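Structure file input_26.txt; described as compact mmCIF, C-alpha atoms (C1' of nucleotides).
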# COMPACT_ATOMS: atom_id res chain seq x y z
CA MET T 1 0.00 0.00 0.00
CA ASP T 2 2.74 2.46 0.95
CA LYS T 3 4.83 1.28 -1.99
CA ASN T 4 1.85 1.86 -4.23
CA ALA T 5 1.40 5.31 -2.77
CA LYS T 6 4.91 6.28 -3.80
CA GLU T 7 4.44 4.90 -7.30
CA ASN T 8 1.08 6.56 -7.53
CA ALA T 9 2.54 9.90 -6.45
CA LYS T 10 5.29 9.53 -9.02
CA ALA T 11 2.69 8.87 -11.70
CA ILE T 12 0.80 12.01 -10.72
CA LEU T 13 4.00 14.04 -10.86
CA ASN T 14 4.98 12.51 -14.20
CA ASN T 15 1.61 13.23 -15.67
CA TYR T 16 1.67 16.81 -14.43
CA LEU T 17 5.15 17.53 -15.74
CA GLU T 18 4.41 15.99 -19.11
CA THR T 19 1.10 17.76 -19.52
CA LYS T 20 2.56 21.08 -18.48
CA LYS T 21 5.74 20.41 -20.43
CA HIS T 22 7.82 21.07 -17.36
CA ARG T 23 11.13 19.38 -16.63
CA LYS T 24 11.68 16.02 -15.03
CA THR T 25 14.64 17.01 -12.95
CA PRO T 26 16.45 14.55 -10.69
CA GLU T 27 15.81 16.92 -7.78
CA ARG T 28 12.05 16.61 -8.11
CA TYR T 29 12.14 12.85 -8.10
CA ALA T 30 14.70 12.64 -5.33
CA ILE T 31 12.58 14.91 -3.17
CA LEU T 32 9.41 12.97 -3.93
CA ASP T 33 11.15 9.75 -3.03
CA ALA T 34 12.44 11.23 0.22
CA VAL T 35 9.01 12.59 1.17
CA PHE T 36 7.44 9.16 0.75
CA SER T 37 10.32 7.37 2.47
CA ILE T 38 10.73 9.44 5.60
CA GLY T 39 7.40 8.48 7.12
CA GLY T 40 5.54 10.78 9.47
CA HIS T 41 6.04 14.51 9.97
CA PHE T 42 9.21 16.26 8.89
CA ASN T 43 10.37 19.81 8.44
CA LEU T 44 12.45 21.35 5.72
CA VAL T 45 15.74 20.81 7.52
CA GLN T 46 14.99 17.17 8.19
CA LEU T 47 14.11 16.67 4.54
CA SER T 48 17.33 18.36 3.52
CA ASP T 49 19.33 16.20 5.94
CA TYR T 50 17.67 13.05 4.69
CA LEU T 51 18.66 13.88 1.12
CA GLU T 52 22.15 14.93 2.09
CA LYS T 53 22.73 11.61 3.89
CA ARG T 54 22.02 9.99 0.54
CA SER T 55 24.57 12.32 -1.07
CA PHE T 56 21.92 14.41 -2.75
CA ARG T 57 22.30 18.07 -1.93
CA VAL T 58 19.38 20.32 -2.83
CA SER T 59 19.20 24.05 -2.20
CA ARG T 60 16.73 25.62 0.15
CA ALA T 61 15.02 27.44 -2.69
CA THR T 62 14.49 24.25 -4.63
CA LEU T 63 13.14 22.45 -1.59
CA TYR T 64 10.60 25.20 -1.06
CA ASN T 65 9.74 25.36 -4.76
CA THR T 66 9.29 21.63 -5.00
CA LEU T 67 7.27 21.32 -1.82
CA ARG T 68 5.00 24.07 -3.07
CA LEU T 69 4.51 22.10 -6.27
CA PHE T 70 3.77 18.94 -4.29
CA LEU T 71 1.29 20.84 -2.14
CA GLU T 72 -0.52 22.01 -5.26
CA LEU T 73 -0.58 18.46 -6.58
CA ARG T 74 -1.77 17.39 -3.13
CA LEU T 75 1.10 14.93 -2.82
CA VAL T 76 2.06 16.35 0.56
CA THR T 77 0.22 17.95 3.44
CA ARG T 78 1.57 20.90 5.37
CA HIS T 79 0.96 21.41 9.08
CA ARG T 80 1.77 24.65 10.77
CA LEU T 81 2.29 23.57 14.34
CA GLN T 82 3.49 25.41 17.42
CA ASP T 83 7.03 24.30 16.83
CA GLY T 84 7.16 25.23 13.18
CA THR T 85 6.00 24.02 9.79
CA LYS T 86 5.90 20.29 9.22
CA TYR T 87 5.20 18.34 6.04
CA GLU T 88 3.85 14.85 5.54
CA ALA T 89 3.39 12.52 2.57
CA ARG T 90 -0.24 12.49 1.50
CA TYR T 91 -1.94 9.24 0.69
CA ALA T 92 -4.92 9.60 -1.67
CA ASN T 93 -7.80 11.18 0.21
CA GLU T 94 -6.26 10.13 3.48
CA SER T 95 -6.85 12.56 6.26
CA HIS T 96 -5.00 13.40 9.41
CA SER T 97 -6.12 13.49 13.00
CA HIS T 98 -3.68 14.58 15.66
CA GLN T 99 -3.74 15.10 19.36
CA ILE T 100 -1.44 17.88 20.49
CA CYS T 101 -0.32 18.46 24.05
CA THR T 102 -0.60 22.17 24.76
CA ILE T 103 2.12 21.93 27.40
CA CYS T 104 4.96 19.92 25.88
CA GLY T 105 3.81 20.19 22.25
CA LYS T 106 3.91 16.45 21.64
CA VAL T 107 1.93 15.41 18.56
CA THR T 108 0.37 11.96 18.27
CA GLU T 109 -1.59 10.43 15.42
CA VAL T 110 -5.20 9.63 16.32
CA ASN T 111 -7.08 6.73 14.81
CA ALA T 112 -10.80 7.36 15.17
CA PRO T 113 -13.02 5.90 12.46
CA ASN T 114 -16.11 7.47 14.01
CA ILE T 115 -14.68 10.95 13.63
CA VAL T 116 -13.63 10.31 10.05
CA ALA T 117 -17.09 8.98 9.25
CA ALA T 118 -18.81 11.98 10.83
CA ILE T 119 -16.65 14.42 8.87
CA ASN T 120 -17.15 12.56 5.61
CA GLU T 121 -20.89 12.46 6.13
CA ALA T 122 -21.17 16.12 7.07
CA LYS T 123 -23.27 18.13 4.67
CA LEU T 124 -21.08 21.07 3.76
CA LYS T 125 -22.63 24.09 2.16
CA ARG T 126 -21.23 25.26 -1.15
CA PHE T 127 -18.11 23.15 -0.73
CA TYR T 128 -16.50 20.10 -2.31
CA PRO T 129 -14.37 18.51 0.42
CA ASP T 130 -11.16 16.62 -0.19
CA GLY T 131 -9.44 15.62 3.00
CA PHE T 132 -9.11 17.30 6.37
CA SER T 133 -6.74 17.97 9.26
CA LEU T 134 -7.97 17.63 12.80
CA TYR T 135 -6.01 18.92 15.78
CA ILE T 136 -7.33 17.92 19.17
CA TYR T 137 -5.69 20.00 21.89
CA GLY T 138 -5.31 18.93 25.46
CA ILE T 139 -2.83 17.50 27.91
CA CYS T 140 -0.86 14.31 27.42
CA SER T 141 -0.70 11.76 30.22
CA ASN T 142 2.92 12.66 30.90
CA CYS T 143 2.25 16.34 31.51
CA HIS T 144 -0.98 15.47 33.30
CA ALA T 145 0.97 13.39 35.79
CA LYS T 146 3.48 16.18 36.32
CA ILE T 147 0.72 18.67 37.00
CA SER T 148 -0.94 16.31 39.46
CA ARG T 149 2.28 15.98 41.39
CA LEU T 150 2.70 19.74 41.37
CA ASN T 151 -0.81 20.28 42.67
CA ASN T 152 -0.33 17.78 45.44
CA THR T 153 2.77 19.60 46.56
CA ARG T 154 0.94 22.89 46.37
CA LYS T 155 -1.85 21.82 48.70
CA HIS T 156 0.71 21.91 51.46
CA LYS T 157 2.44 25.20 50.65
CA GLN T 158 -0.64 27.18 49.78
CA THR T 159 0.70 30.44 48.33
CA LYS T 160 3.76 29.17 46.50
CA ASN T 161 3.58 29.82 42.77
CA LYS T 162 5.63 28.29 40.02
CA GLU T 163 7.26 30.71 37.60
CA MET W 1 -23.54 34.69 25.99
CA ASP W 2 -20.87 36.63 24.11
CA LYS W 3 -21.00 39.35 26.72
CA ASN W 4 -20.56 36.70 29.36
CA ALA W 5 -17.62 35.27 27.47
CA LYS W 6 -15.82 38.59 27.62
CA GLU W 7 -16.51 38.99 31.32
CA ASN W 8 -15.51 35.42 31.92
CA ALA W 9 -12.27 35.91 30.06
CA LYS W 10 -11.57 39.05 32.06
CA ALA W 11 -12.16 37.12 35.27
CA ILE W 12 -9.69 34.45 34.18
CA LEU W 13 -7.11 37.11 33.35
CA ASN W 14 -7.72 38.90 36.65
CA ASN W 15 -7.36 35.73 38.59
CA TYR W 16 -4.17 34.80 36.79
CA LEU W 17 -2.56 38.20 37.26
CA GLU W 18 -3.50 38.35 40.91
CA THR W 19 -2.32 34.83 41.67
CA LYS W 20 0.93 35.35 39.83
CA LYS W 21 1.27 38.87 41.19
CA HIS W 22 1.68 40.23 37.69
CA ARG W 23 0.53 43.65 36.60
CA LYS W 24 -2.93 44.67 35.55
CA THR W 25 -1.83 46.99 32.79
CA PRO W 26 -4.30 48.94 30.67
CA GLU W 27 -2.73 47.33 27.58
CA ARG W 28 -3.68 43.84 28.67
CA TYR W 29 -7.28 44.77 29.28
CA ALA W 30 -7.57 46.83 26.14
CA ILE W 31 -6.21 43.95 24.09
CA LEU W 32 -8.53 41.45 25.77
CA ASP W 33 -11.46 43.71 25.07
CA ALA W 34 -10.47 44.10 21.44
CA VAL W 35 -10.00 40.36 20.97
CA PHE W 36 -13.50 39.66 22.25
CA SER W 37 -15.02 42.57 20.32
CA ILE W 38 -13.59 42.01 16.86
CA GLY W 39 -15.45 38.77 16.23
CA GLY W 40 -14.04 36.10 13.95
CA HIS W 41 -10.48 35.69 12.76
CA PHE W 42 -7.98 38.51 12.87
CA ASN W 43 -4.26 38.89 12.50
CA LEU W 44 -1.83 40.99 14.47
CA VAL W 45 -2.08 43.97 12.17
CA GLN W 46 -5.86 43.97 12.26
CA LEU W 47 -5.78 43.82 16.04
CA SER W 48 -3.34 46.70 16.11
CA ASP W 49 -5.54 48.70 13.73
CA TYR W 50 -8.62 48.02 15.79
CA LEU W 51 -6.93 49.34 18.91
CA GLU W 52 -5.46 52.33 17.11
CA LYS W 53 -8.89 53.34 15.80
CA ARG W 54 -9.90 53.52 19.44
CA SER W 55 -6.85 55.70 20.11
CA PHE W 56 -5.03 52.96 21.91
CA ARG W 57 -1.61 52.40 20.46
CA VAL W 58 0.18 49.23 21.53
CA SER W 59 3.60 48.13 20.35
CA ARG W 60 4.16 45.02 18.29
CA ALA W 61 6.18 43.42 21.06
CA THR W 62 3.40 43.93 23.58
CA LEU W 63 0.80 42.55 21.22
CA TYR W 64 2.86 39.42 20.75
CA ASN W 65 3.61 39.13 24.45
CA THR W 66 -0.01 39.57 25.39
CA LEU W 67 -1.34 37.19 22.77
CA ARG W 68 1.13 34.59 23.97
CA LEU W 69 -0.20 35.07 27.49
CA PHE W 70 -3.77 34.75 26.24
CA LEU W 71 -2.86 31.61 24.34
CA GLU W 72 -1.44 30.09 27.52
CA LEU W 73 -4.59 31.03 29.39
CA ARG W 74 -6.56 29.59 26.47
CA LEU W 75 -8.44 32.85 26.02
CA VAL W 76 -7.58 32.93 22.33
CA THR W 77 -6.96 30.34 19.63
CA ARG W 78 -4.26 30.68 17.02
CA HIS W 79 -4.62 29.39 13.49
CA ARG W 80 -1.71 29.16 11.13
CA LEU W 81 -3.39 29.37 7.77
CA GLN W 82 -2.04 29.66 4.25
CA ASP W 83 -2.28 33.42 4.34
CA GLY W 84 -0.60 33.85 7.68
CA THR W 85 -1.30 33.54 11.38
CA LYS W 86 -4.80 34.37 12.56
CA TYR W 87 -6.16 34.65 16.09
CA GLU W 88 -9.66 34.21 17.41
CA ALA W 89 -11.39 34.74 20.76
CA ARG W 90 -11.90 31.44 22.50
CA TYR W 91 -15.20 30.67 24.16
CA ALA W 92 -14.97 28.14 26.99
CA ASN W 93 -14.40 24.69 25.53
CA GLU W 94 -15.79 25.87 22.24
CA SER W 95 -14.11 24.35 19.27
CA HIS W 96 -13.60 25.43 15.71
CA SER W 97 -14.44 23.75 12.45
CA HIS W 98 -13.44 25.43 9.21
CA GLN W 99 -13.69 24.65 5.58
CA ILE W 100 -10.79 26.03 3.57
CA CYS W 101 -10.73 26.40 -0.19
CA THR W 102 -7.37 25.15 -1.42
CA ILE W 103 -7.59 27.39 -4.45
CA CYS W 104 -8.64 30.82 -3.23
CA GLY W 105 -7.88 30.25 0.46
CA LYS W 106 -11.34 31.32 1.62
CA VAL W 107 -12.12 30.16 5.16
CA THR W 108 -15.68 29.51 6.29
CA GLU W 109 -16.96 28.45 9.68
CA VAL W 110 -18.63 25.03 9.67
CA ASN W 111 -21.48 24.13 11.98
CA ALA W 112 -21.69 20.37 12.28
CA PRO W 113 -22.99 19.02 15.59
CA ASN W 114 -22.40 15.43 14.47
CA ILE W 115 -18.71 16.07 13.98
CA VAL W 116 -18.40 17.79 17.33
CA ALA W 117 -20.21 14.92 19.00
CA ALA W 118 -17.99 12.32 17.35
CA ILE W 119 -14.83 14.14 18.42
CA ASN W 120 -16.04 14.61 21.97
CA GLU W 121 -17.00 10.96 22.24
CA ALA W 122 -13.73 9.69 20.81
CA LYS W 123 -11.75 7.59 23.24
CA LEU W 124 -8.31 9.13 23.20
CA LYS W 125 -5.39 7.19 24.60
CA ARG W 126 -3.34 8.80 27.33
CA PHE W 127 -4.80 12.21 26.59
CA TYR W 128 -7.10 14.73 28.28
CA PRO W 129 -8.72 16.71 25.47
CA ASP W 130 -9.77 20.32 25.72
CA GLY W 131 -11.01 21.69 22.44
CA PHE W 132 -10.03 21.08 18.84
CA SER W 133 -9.51 22.74 15.48
CA LEU W 134 -10.78 21.07 12.35
CA TYR W 135 -9.75 22.17 8.87
CA ILE W 136 -11.67 20.59 6.03
CA TYR W 137 -9.89 21.23 2.74
CA GLY W 138 -11.56 21.27 -0.63
CA ILE W 139 -12.91 23.60 -3.26
CA CYS W 140 -15.48 26.32 -2.66
CA SER W 141 -18.45 26.62 -4.98
CA ASN W 142 -17.01 29.78 -6.52
CA CYS W 143 -13.74 28.18 -7.58
CA HIS W 144 -15.56 25.01 -8.52
CA ALA W 145 -17.67 26.97 -10.98
CA LYS W 146 -14.59 28.65 -12.43
CA ILE W 147 -12.89 25.30 -12.95
CA SER W 148 -15.96 23.87 -14.64
CA ARG W 149 -16.02 26.77 -17.06
CA LEU W 150 -12.31 26.28 -17.72
CA ASN W 151 -12.75 22.58 -18.40
CA ASN W 152 -15.61 23.20 -20.76
CA THR W 153 -13.45 25.61 -22.73
CA ARG W 154 -10.61 23.12 -22.75
CA LYS W 155 -12.64 20.34 -24.28
CA HIS W 156 -12.58 22.38 -27.45
CA LYS W 157 -8.93 23.42 -27.52
CA GLN W 158 -7.47 20.13 -26.44
CA THR W 159 -3.77 20.86 -25.90
CA LYS W 160 -4.02 24.37 -24.53
CA ASN W 161 -2.67 24.64 -20.99
CA LYS W 162 -3.14 27.44 -18.55
CA GLU W 163 0.00 28.80 -16.93
C1' DA Q 1 10.72 51.39 46.18
C1' DT Q 2 10.34 47.39 43.60
C1' DG Q 3 10.45 44.74 39.76
C1' DT Q 4 7.20 43.80 35.89
C1' DC Q 5 5.66 45.62 31.57
C1' DT Q 6 6.02 48.43 27.58
C1' DG Q 7 8.16 50.39 23.49
C1' DC Q 8 11.78 50.63 20.47
C1' DA Q 9 15.12 48.86 17.60
C1' DA Q 10 17.89 45.16 16.53
C1' DA Q 11 18.30 40.34 15.90
C1' DG Q 12 16.63 35.78 14.45
C1' DC Q 13 14.00 32.63 11.77
C1' DT Q 14 11.62 30.99 8.03
C1' DT Q 15 10.29 31.65 3.40
C1' DT Q 16 10.58 34.15 -0.99
C1' DT Q 17 12.92 36.43 -4.78
C1' DG Q 18 16.35 38.00 -8.42
C1' DC Q 19 19.83 36.62 -11.20
C1' DA Q 20 23.31 33.92 -13.55
C1' DC Q 21 24.38 29.37 -14.69
C1' DT Q 22 23.03 24.56 -15.62
C1' DG Q 23 20.84 21.03 -17.85
C1' DA Q 24 16.38 18.50 -19.63
C1' DT Q 25 14.05 18.51 -23.78
C1' DA P 1 19.49 25.80 -28.90
C1' DT P 2 15.87 26.83 -25.65
C1' DC P 3 14.21 28.31 -21.60
C1' DA P 4 12.61 26.08 -17.20
C1' DG P 5 14.93 24.80 -13.02
C1' DT P 6 18.59 25.15 -9.74
C1' DG P 7 21.70 27.33 -6.46
C1' DC P 8 23.26 31.20 -4.24
C1' DA P 9 22.80 35.20 -1.75
C1' DA P 10 20.10 38.93 -0.69
C1' DA P 11 15.56 40.47 0.62
C1' DA P 12 11.28 40.22 2.84
C1' DG P 13 8.14 38.85 6.41
C1' DC P 14 6.96 37.69 10.78
C1' DT P 15 8.16 36.95 15.60
C1' DT P 16 11.32 37.29 19.44
C1' DT P 17 14.69 39.58 22.33
C1' DG P 18 17.61 43.01 24.95
C1' DC P 19 17.53 47.03 27.12
C1' DA P 20 16.08 51.51 29.10
C1' DG P 21 12.47 53.87 30.85
C1' DA P 22 7.56 53.84 32.63
C1' DC P 23 4.30 52.50 35.87
C1' DA P 24 1.20 49.17 38.70
C1' DT P 25 1.66 47.46 43.17

This structure in structure tokens:
Amino acid sequence: MDKNAKENAKAILNNYLETKKHRKTPERYAILDAVFSIGGHFNLVQLSDYLEKRSFRVSRATLYNTLRLFLELRLVTRHRLQDGTKYEARYANESHSHQICTICGKVTEVNAPNIVAAINEAKLKRFYPDGFSLYIYGICSNCHAKISRLNNTRKHKQTKNKE
Amino acid sequence: MDKNAKENAKAILNNYLETKKHRKTPERYAILDAVFSIGGHFNLVQLSDYLEKRSFRVSRATLYNTLRLFLELRLVTRHRLQDGTKYEARYANESHSHQICTICGKVTEVNAPNIVAAINEAKLKRFYPDGFSLYIYGICSNCHAKISRLNNTRKHKQTKNKE
DNA sequence: ATGTCTGCAAAGCTTTTGCACTGAT
DNA sequence: ATCAGTGCAAAAGCTTTGCAGACAT
């Protein structure tokens, strides 16, 4: 399935470049391959590092240009999170649900078929939907535990405040 | 309800500043008032303009500082959209569903109780949820119509490509 | 009086742009 | 041979930071 996704993405890119009579540069294919090989979220620097490790240096400008192209072709998804912009390979119509801890910033993938179903069944006015991003904010169990400990301590020294 | 929200937000801010022994500056209250008066999305410049129209000039740095404080207190929500960072007053536990046109970037509020219910009922692992942001991507009816017209034209001049 | 908050300007990041060279067609 | 694409460096945005002075407590 993942292998297919990469091939499928390459086919979309091929088709686009041929139709538009734009160039099939090695950079574009190397970047596409990297995007679909990394797995999960990554930022521009991580993408650059990944390519460089495979002895393929690509300039910042080209990375941005190419990612913009991929965004337009809907081959990648962009998330603008607290800790910067992250990209992610996009699998046909697949959507993304995340839970984000508002304290430590940790992002976890959420698998909730009921949510996906509800969103797909929603009757949207004057709109033709094609994928979504859901960010559920809250507190992860780790931070929750820390806060609990803190509160317990506080009960004893009433006025003390953390800074 | 909206009036209450503003008062409620002010109470939260008051409480925080008193507990932390931080200052109740006119800026903070003016900004809070503006945030809850503007209604809908706004960016930093729009917030600044709003205040300036009411003869209340606040520096960029203070706007950022104060918005960061409000974010921590969960009095405002921040959205990082295609066309920049937007803020929005946050109403207790209220969540936000948007549909975003991937062509023109238009953002519309979505009212879908079924989606909200599904998200609230989702069993999240190791997580204590508190609000969410949903972005449904797709094509708005306006752009959809434009594309249809374009495609109709194209059927006749087969190889012509738009640039 | 104290120490936080504000405003300013400078610095820091991320992303975009202009231009000359390279290379896919 | 073309001219789109790349790389580089500079520019442009947006956001943060350091510091001096202002002001809420």

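Residue neighbourhood of range 6-16 of chain Q, excluding near-sequence residues (fewer than 3 positions): Ala61, Tyr64 and Gly84 of chain T; Glu27, Val58, Ser59, Arg60, Ala61 and Thr62 of chain W; DA11, DA12, DG13, DC14, DT15, DT16, DT17, DG18 and DA22 of chain P, at 9 Å, using all atoms listed in the file.
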
*For CA of Cys143 in chain W and CA of Leu124 in chain T, quote the distance in Å rounded to one decimal.*
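Value for the CA of Cys143 in chain W-CA of Leu124 in chain T distance: 15.3 Å.
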
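Among the candidate residues T:Asn120, T:Tyr50, T:Val45, T:Arg57, the one lying nearest to chain P is T:Arg57, with distances computed using all atoms listed in the file.
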
Kindly list the centre and edge lengths in Å, rounded to one decimal, for the axis-aligned box that covers all listed atoms of range 5-13 of chain P plus 4 Å on each of its six sides, as JSON.
{"center_x": 15.7, "center_y": 32.6, "center_z": -3.3, "size_x": 23.1, "size_y": 23.7, "size_z": 27.4}

_Nearest candidate to Val107 in chain W (options W:Ala89, W:Ile119, W:Leu44, W:Ile139; using all atoms listed in the file)_ =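 When distances to Val107 in chain W are compared using all atoms listed in the file, the smallest one comes from W:Ile139.
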
Chain W residues within 8 Å of chain P, counting all atoms listed in the file: which ones, as a PDB file with C-alpha atoms, in the frame of the given file?
ATOM      1  CA  ARG W  23       0.530  43.650  36.600  1.00  0.00           C
ATOM      2  CA  LYS W  24      -2.930  44.670  35.550  1.00  0.00           C
ATOM      3  CA  THR W  25      -1.830  46.990  32.790  1.00  0.00           C
ATOM      4  CA  TYR W  64       2.860  39.420  20.750  1.00  0.00           C
TER       5      TYR W  64
END

Mind running chain T against chain W at 6 Å and telling me each contacting residue's nearest atom pair with the distance in Å (one decimal), counting only C-alpha atoms, chain and number ascending, as JSON lines?
{"residue": "T:Arg80", "atom": "CA", "partner": "W:Arg80", "partner_atom": "CA", "distance": 5.7}
{"residue": "T:Ile115", "atom": "CA", "partner": "W:Ala118", "partner_atom": "CA", "distance": 5.2}
{"residue": "T:Ala118", "atom": "CA", "partner": "W:Ile115", "partner_atom": "CA", "distance": 5.2}
{"residue": "T:Ile119", "atom": "CA", "partner": "W:Ile115", "partner_atom": "CA", "distance": 5.8}
{"residue": "T:Arg126", "atom": "CA", "partner": "W:Ser141", "partner_atom": "CA", "distance": 4.9}
{"residue": "T:Phe127", "atom": "CA", "partner": "W:Cys140", "partner_atom": "CA", "distance": 4.5}
{"residue": "T:Tyr128", "atom": "CA", "partner": "W:Ile139", "partner_atom": "CA", "distance": 5.1}
{"residue": "T:Pro129", "atom": "CA", "partner": "W:Gly138", "partner_atom": "CA", "distance": 4.1}
{"residue": "T:Asp130", "atom": "CA", "partner": "W:Gly138", "partner_atom": "CA", "distance": 4.7}
{"residue": "T:Gly131", "atom": "CA", "partner": "W:Tyr137", "partner_atom": "CA", "distance": 5.6}
{"residue": "T:Phe132", "atom": "CA", "partner": "W:Ile136", "partner_atom": "CA", "distance": 4.2}
{"residue": "T:Ser133", "atom": "CA", "partner": "W:Tyr135", "partner_atom": "CA", "distance": 5.2}
{"residue": "T:Leu134", "atom": "CA", "partner": "W:Leu134", "partner_atom": "CA", "distance": 4.5}
{"residue": "T:Tyr135", "atom": "CA", "partner": "W:Ser133", "partner_atom": "CA", "distance": 5.2}
{"residue": "T:Ile136", "atom": "CA", "partner": "W:Phe132", "partner_atom": "CA", "distance": 4.2}
{"residue": "T:Tyr137", "atom": "CA", "partner": "W:Phe132", "partner_atom": "CA", "distance": 5.4}
{"residue": "T:Gly138", "atom": "CA", "partner": "W:Pro129", "partner_atom": "CA", "distance": 4.1}
{"residue": "T:Ile139", "atom": "CA", "partner": "W:Tyr128", "partner_atom": "CA", "distance": 5.1}
{"residue": "T:Cys140", "atom": "CA", "partner": "W:Phe127", "partner_atom": "CA", "distance": 4.5}
{"residue": "T:Ser141", "atom": "CA", "partner": "W:Arg126", "partner_atom": "CA", "distance": 4.9}

_Neighbouring residues of Tyr87 in chain W were defined as those with any atom within 7 Å, considering only C-alpha atoms (C1' of nucleotides); residues of the same chain fewer than 4 positions away were excluded. Please report them as a VMD selection string._
chain W and resid 41 to 43 76 to 79

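Among the candidates W:Ser148, W:Asn15, W:Ser37, W:Thr66, the residue lying nearest to DC5 in chain Q is W:Thr66 (atoms considered: all atoms listed in the file).
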
*asked:* What does the structure give for the distance between CA of Phe70 in chain T and CA of Leu32 in chain T, in Å to one decimal?
replied: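 Calculated distance between CA of Phe70 in chain T and CA of Leu32 in chain T is 8.2 Å.
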
*Mind giving me the straight-line distance from CA of Asp83 in chain T to CA of Glu109 in chain T in Å, one decimal?*
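The value is 16.4 Å.
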
As a PDB file, keeping the file's coordinate frame, please: range 23-40 of chain T completed to N, CA and C atoms.
ATOM      1  N   ARG T  23       9.992  20.305 -16.591  1.00  0.00           N
ATOM      2  CA  ARG T  23      11.130  19.380 -16.630  1.00  0.00           C
ATOM      3  C   ARG T  23      11.112  18.299 -15.571  1.00  0.00           C
ATOM      4  N   LYS T  24      11.534  17.134 -15.974  1.00  0.00           N
ATOM      5  CA  LYS T  24      11.680  16.020 -15.030  1.00  0.00           C
ATOM      6  C   LYS T  24      13.084  16.038 -14.462  1.00  0.00           C
ATOM      7  N   THR T  25      13.286  16.896 -13.502  1.00  0.00           N
ATOM      8  CA  THR T  25      14.640  17.010 -12.950  1.00  0.00           C
ATOM      9  C   THR T  25      14.871  15.943 -11.884  1.00  0.00           C
ATOM     10  N   PRO T  26      16.113  15.526 -11.736  1.00  0.00           N
ATOM     11  CA  PRO T  26      16.450  14.550 -10.690  1.00  0.00           C
ATOM     12  C   PRO T  26      16.041  15.053  -9.306  1.00  0.00           C
ATOM     13  N   GLU T  27      16.180  16.374  -9.080  1.00  0.00           N
ATOM     14  CA  GLU T  27      15.810  16.920  -7.780  1.00  0.00           C
ATOM     15  C   GLU T  27      14.362  16.587  -7.435  1.00  0.00           C
ATOM     16  N   ARG T  28      13.475  16.817  -8.390  1.00  0.00           N
ATOM     17  CA  ARG T  28      12.050  16.610  -8.110  1.00  0.00           C
ATOM     18  C   ARG T  28      11.760  15.166  -7.727  1.00  0.00           C
ATOM     19  N   TYR T  29      12.403  14.254  -8.413  1.00  0.00           N
ATOM     20  CA  TYR T  29      12.140  12.850  -8.100  1.00  0.00           C
ATOM     21  C   TYR T  29      12.815  12.417  -6.805  1.00  0.00           C
ATOM     22  N   ALA T  30      14.000  12.956  -6.574  1.00  0.00           N
ATOM     23  CA  ALA T  30      14.700  12.640  -5.330  1.00  0.00           C
ATOM     24  C   ALA T  30      13.895  13.140  -4.135  1.00  0.00           C
ATOM     25  N   ILE T  31      13.347  14.349  -4.269  1.00  0.00           N
ATOM     26  CA  ILE T  31      12.580  14.910  -3.170  1.00  0.00           C
ATOM     27  C   ILE T  31      11.285  14.123  -2.970  1.00  0.00           C
ATOM     28  N   LEU T  32      10.631  13.764  -4.048  1.00  0.00           N
ATOM     29  CA  LEU T  32       9.410  12.970  -3.930  1.00  0.00           C
ATOM     30  C   LEU T  32       9.691  11.658  -3.223  1.00  0.00           C
ATOM     31  N   ASP T  33      10.772  11.024  -3.636  1.00  0.00           N
ATOM     32  CA  ASP T  33      11.150   9.750  -3.030  1.00  0.00           C
ATOM     33  C   ASP T  33      11.405   9.924  -1.534  1.00  0.00           C
ATOM     34  N   ALA T  34      12.127  10.972  -1.183  1.00  0.00           N
ATOM     35  CA  ALA T  34      12.440  11.230   0.220  1.00  0.00           C
ATOM     36  C   ALA T  34      11.159  11.441   1.025  1.00  0.00           C
ATOM     37  N   VAL T  35      10.261  12.270   0.482  1.00  0.00           N
ATOM     38  CA  VAL T  35       9.010  12.590   1.170  1.00  0.00           C
ATOM     39  C   VAL T  35       8.234  11.317   1.499  1.00  0.00           C
ATOM     40  N   PHE T  36       8.210  10.377   0.538  1.00  0.00           N
ATOM     41  CA  PHE T  36       7.440   9.160   0.750  1.00  0.00           C
ATOM     42  C   PHE T  36       8.238   8.069   1.456  1.00  0.00           C
ATOM     43  N   SER T  37       9.510   8.352   1.754  1.00  0.00           N
ATOM     44  CA  SER T  37      10.320   7.370   2.470  1.00  0.00           C
ATOM     45  C   SER T  37      10.491   7.723   3.932  1.00  0.00           C
ATOM     46  N   ILE T  38      10.465   9.004   4.235  1.00  0.00           N
ATOM     47  CA  ILE T  38      10.730   9.440   5.600  1.00  0.00           C
ATOM     48  C   ILE T  38       9.694   8.866   6.569  1.00  0.00           C
ATOM     49  N   GLY T  39       8.437   9.001   6.235  1.00  0.00           N
ATOM     50  CA  GLY T  39       7.400   8.480   7.120  1.00  0.00           C
ATOM     51  C   GLY T  39       7.130   9.434   8.253  1.00  0.00           C
ATOM     52  N   GLY T  40       5.898   9.861   8.390  1.00  0.00           N
ATOM     53  CA  GLY T  40       5.540  10.780   9.470  1.00  0.00           C
ATOM     54  C   GLY T  40       5.891  12.223   9.137  1.00  0.00           C
TER      55      GLY T  40
END
